[in-house]
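What follows is a single structure, written as structure tokens, with notes after it.
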Amino acid sequence: MITVYASGGTRSRRVLWTLEELGAPYEVASVKFPPAFRQPDYLKINPTGTVPAMTDGEVLLTESMAICEYATRKHGGDLVVAPDEPGFADYLQFLHFGESTLTQPLVSIVRYGLLEPDARKSPQVVEDARAAFATRLKPIAKTLADGREFMAADRLTLADVSVAYAFSLAAGVGAADLIPAEILAYEDRMKARPAYQRAYAVP
């Protein structure tokens, strides 16, 4: 069975949401965040100290979207988009955009606005990161402007799982005020999904 090492509002929510959408069996091993300081034994699972991690028998994965794709391909479902399907290009774009582009400035806010000791906190870094996040929302808003409900392929896919996590993280770090109305409406659609609600209800 899949075991997900999960903690609060971390990227583990992507994994739990995916598993809930798939109806796949899993168990949760709660991790205290940040584990490098609060639960150092977790470093035996993932030496980088990042959350989530997933084990499935001998398989160990520590990248959230890799875990989501692994689970989807193992358990079926239609959360991935095939190359010959309409929407494949948007799917690829936003599958990677959610993590590599959209989430990155929020991580800077977490670190330099919240986690670092006071002497190392940096209001300038936080301000710059907020500006970067606001700019990086523009491709999302432009894509949603055609009235679509999802990021690609007219259905929920891992692209939505990737992108939507950033909005919940933004709320947690005080950046939700930067999110325009059309994206907030999209986020509300994601949050209304029962699988999303179950995933975010996990301690």
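Residue numbering restarts at 1 in every chain; chains get A, B, ... in the order shown in the structure tokens, and ligands count up from 1 in that same order.
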
Would you pick out the contacts of Gly113 in chain A at 7 Å or less, using only C-alpha atoms, so that residues sharing its chain but fewer than 5 positions from it are not included, and give the list as a PDB file with C-alpha atoms, in the first residue's frame?
ATOM      1  CA  LYS A 121      14.068  37.628   7.653  1.00  0.00           C
ATOM      2  CA  SER A 122      13.973  39.919   4.617  1.00  0.00           C
ATOM      3  CA  PRO A 123      11.010  42.181   3.870  1.00  0.00           C
ATOM      4  CA  VAL A 126       9.157  38.952   0.516  1.00  0.00           C
TER       5      VAL A 126
END

inquiry  = DSSP on the backbone, strand (DSSP E) only: what residues of range 7-165 of chain A does that give? Format it as a ChimeraX atom specification.
reply    = /A:26-30,53-56,59-61

inquiry  = I'd like the neighbourhood of Thr143 in chain A as a list in words, where a residue qualifies if any of its atoms comes within 10 Å (using only C-alpha atoms), though same-chain residues fewer than 4 positions away should be ignored.
reply    = Asp90, Lys138, Pro139, Gly147, Arg148, Phe150, Met151, Ala152 and Ile183 of chain A

Next, dump the selected residues to file, keeping only N, CA and C atoms, as a short mmCIF file (atom, residue, chain, number, x, y, z; two decimals), in the first residue's frame.
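Writing done, so here's part_21.cif:
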data_model
loop_
_atom_site.label_atom_id
_atom_site.label_comp_id
_atom_site.auth_asym_id
_atom_site.auth_seq_id
_atom_site.Cartn_x
_atom_site.Cartn_y
_atom_site.Cartn_z
N ASP A 90 -1.57 22.29 -23.25
CA ASP A 90 -1.90 23.02 -22.03
C ASP A 90 -1.65 22.15 -20.80
N LYS A 138 -0.51 35.71 -14.27
CA LYS A 138 -1.10 36.20 -15.53
C LYS A 138 -1.37 35.10 -16.55
N PRO A 139 -0.46 34.14 -16.77
CA PRO A 139 -0.79 33.07 -17.72
C PRO A 139 -1.98 32.22 -17.29
N GLY A 147 -13.29 30.92 -20.39
CA GLY A 147 -14.45 30.34 -19.72
C GLY A 147 -14.30 28.88 -19.34
N ARG A 148 -13.14 28.32 -19.56
CA ARG A 148 -12.94 26.89 -19.23
C ARG A 148 -13.03 26.68 -17.72
N PHE A 150 -11.42 23.97 -16.23
CA PHE A 150 -10.18 23.33 -15.82
C PHE A 150 -9.02 23.86 -16.66
N MET A 151 -7.81 23.54 -16.25
CA MET A 151 -6.65 24.08 -16.97
C MET A 151 -6.47 23.44 -18.34
N ALA A 152 -6.94 22.22 -18.52
CA ALA A 152 -6.71 21.53 -19.79
C ALA A 152 -7.71 20.41 -19.97
N ILE A 183 -9.37 33.71 -11.12
CA ILE A 183 -8.61 32.58 -10.55
C ILE A 183 -9.24 32.13 -9.24
#

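For Gln197 in chain A, the non-local neighbours within 12 Å, defined as residues at least 4 positions apart in the same chain or in other chains and counting only C-alpha atoms, are Arg13, Arg14, Leu16, Trp17, Thr18, Glu20, Glu21, Asp188, Arg189, Met190, Lys191, Ala192, Arg193, Ala201 and Val202 of chain A.
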
Write the selection just made, keeping C-alpha atoms, as a PDB file, in the first residue's frame?
ATOM      1  CA  ARG A  13      -1.842  18.001  -0.299  1.00  0.00           C
ATOM      2  CA  ARG A  14      -1.336  17.455  -4.018  1.00  0.00           C
ATOM      3  CA  LEU A  16      -3.546  13.272  -1.043  1.00  0.00           C
ATOM      4  CA  TRP A  17      -5.915  15.045  -3.423  1.00  0.00           C
ATOM      5  CA  THR A  18      -4.779  12.871  -6.315  1.00  0.00           C
ATOM      6  CA  GLU A  20      -8.645  10.746  -3.169  1.00  0.00           C
ATOM      7  CA  GLU A  21      -9.690  11.485  -6.752  1.00  0.00           C
ATOM      8  CA  ASP A 188     -13.508  27.677  -5.547  1.00  0.00           C
ATOM      9  CA  ARG A 189     -14.415  25.023  -8.138  1.00  0.00           C
ATOM     10  CA  MET A 190     -11.443  22.926  -7.091  1.00  0.00           C
ATOM     11  CA  LYS A 191     -12.185  23.382  -3.391  1.00  0.00           C
ATOM     12  CA  ALA A 192     -15.780  22.256  -3.941  1.00  0.00           C
ATOM     13  CA  ARG A 193     -14.640  18.812  -5.074  1.00  0.00           C
ATOM     14  CA  ALA A 201      -9.081  17.552   6.010  1.00  0.00           C
ATOM     15  CA  VAL A 202      -6.196  15.170   6.724  1.00  0.00           C
TER      16      VAL A 202
END

key: Polymer residues at most 8 Å from Asp56 in chain A, only C-alpha atoms, same-chain spacing of 3 or more positions, as a count of residues only   = 5

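Separating CA of His75 in chain A from CA of Leu22 in chain A is a distance of 6.9 Å.
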
task = as an MDAnalysis selection string, please: all residues of range 36-145 of chain A that backbone DSSP puts in alpha helix (DSSP H).
result = chainID A and resid 36:38 64:75 88:97 104:109 123:136 138:144

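The closest residue to Arg136 in chain A, picked from A:Ile67, A:Leu156, A:Ile109, A:Leu178 and counting only C-alpha atoms, is A:Leu178.
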
Range 32-70 of chain A residues near range 158-174 of chain A within 9 Å, closest pair each, using only C-alpha atoms, as a Markdown table:
| residue | atom | partner | partner_atom | distance |
| --- | --- | --- | --- | --- |
| A:Ser64 | CA | A:Ser162 | CA | 8.8 |
| A:Met65 | CA | A:Ser162 | CA | 7.0 |
| A:Cys68 | CA | A:Leu158 | CA | 7.3 |
| A:Glu69 | CA | A:Leu158 | CA | 7.6 |

request  = Using only C-alpha atoms, determine which residues lie at most 10 Å from Met54 in chain A, disregarding the query and same-chain residues fewer than 6 positions distant; provide the list as a list of chain:residue names.
outcome  = A:Ile2, A:Thr3, A:Val4, A:Tyr5, A:Ala6, A:Ser12, A:Val15, A:Tyr26, A:Glu27, A:Val28, A:Ala29, A:Ile45, A:Asn46, A:Leu60, A:Leu61, A:Thr62, A:Glu63, A:Ser64, A:Ala66, A:Ile67, A:Cys68, A:Ala71

request  = Kindly give the distance, in Å, that separates CA of Gly87 in chain A and CA of Arg155 in chain A, rounded to a single decimal.
outcome  =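 Going from CA of Gly87 in chain A over to CA of Arg155 in chain A, I get 9.9 Å.
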
inquiry  = Would you pick out the contacts of range 40-43 of chain A at 12 Å or less, using only C-alpha atoms, so that residues sharing its chain but fewer than 4 positions from it are not included, and give the list as a list in words?
reply    = Tyr5, Ala6, Ser7, Ala29, Ser30, Val31, Lys32, Phe33, Pro34, Pro35, Ala36, Pro47, Thr48, Gly49, Thr50, Val51, Pro52, Ala53, Met54 and Thr62 of chain A

Let me see the file: selected residues, C-alpha atoms, as a tab-separated table (two decimals), in the first residue's frame.
chain	number	residue	atom	x	y	z
A	5	TYR	CA	4.57	11.24	4.45
A	6	ALA	CA	2.49	14.39	4.84
A	7	SER	CA	2.53	17.63	6.75
A	29	ALA	CA	2.47	9.10	8.10
A	30	SER	CA	2.34	12.56	9.66
A	31	VAL	CA	5.53	14.60	9.61
A	32	LYS	CA	6.26	17.62	11.81
A	33	PHE	CA	7.26	20.63	9.71
A	34	PRO	CA	10.02	21.54	9.13
A	35	PRO	CA	11.20	17.98	9.66
A	36	ALA	CA	14.93	18.77	9.57
A	47	PRO	CA	17.53	13.13	3.19
A	48	THR	CA	16.55	16.50	1.67
A	49	GLY	CA	13.96	16.97	4.43
A	50	THR	CA	11.24	18.02	1.99
A	51	VAL	CA	7.63	16.90	2.25
A	52	PRO	CA	5.98	14.83	0.81
A	53	ALA	CA	7.60	11.50	0.34
A	54	MET	CA	5.88	8.30	-0.75
A	62	THR	CA	9.92	12.51	-3.08

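Considering the residues A:Gln104, A:Arg73, A:Leu115, A:Ala153 and counting only C-alpha atoms, Leu92 in chain A has its shortest atom-to-atom contact with A:Ala153.
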
key: Selected residue, from A:Leu137, A:Ser108, A:Gly76, A:Gly8, that lies nearest to Gln124 in chain A when counting only C-alpha atoms   =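 Once distances to Gln124 in chain A are computed over only C-alpha atoms, the minimum belongs to A:Ser108.
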
remark   = As a check of understanding: the span from CA of Pro25 in chain A to CA of Thr72 in chain A is 12.1 Å

key: Among listed residues A:Lys74, A:Tyr196, A:Pro105, A:Glu182, nearest Asp128 in chain A (using only C-alpha atoms)   = A:Pro105
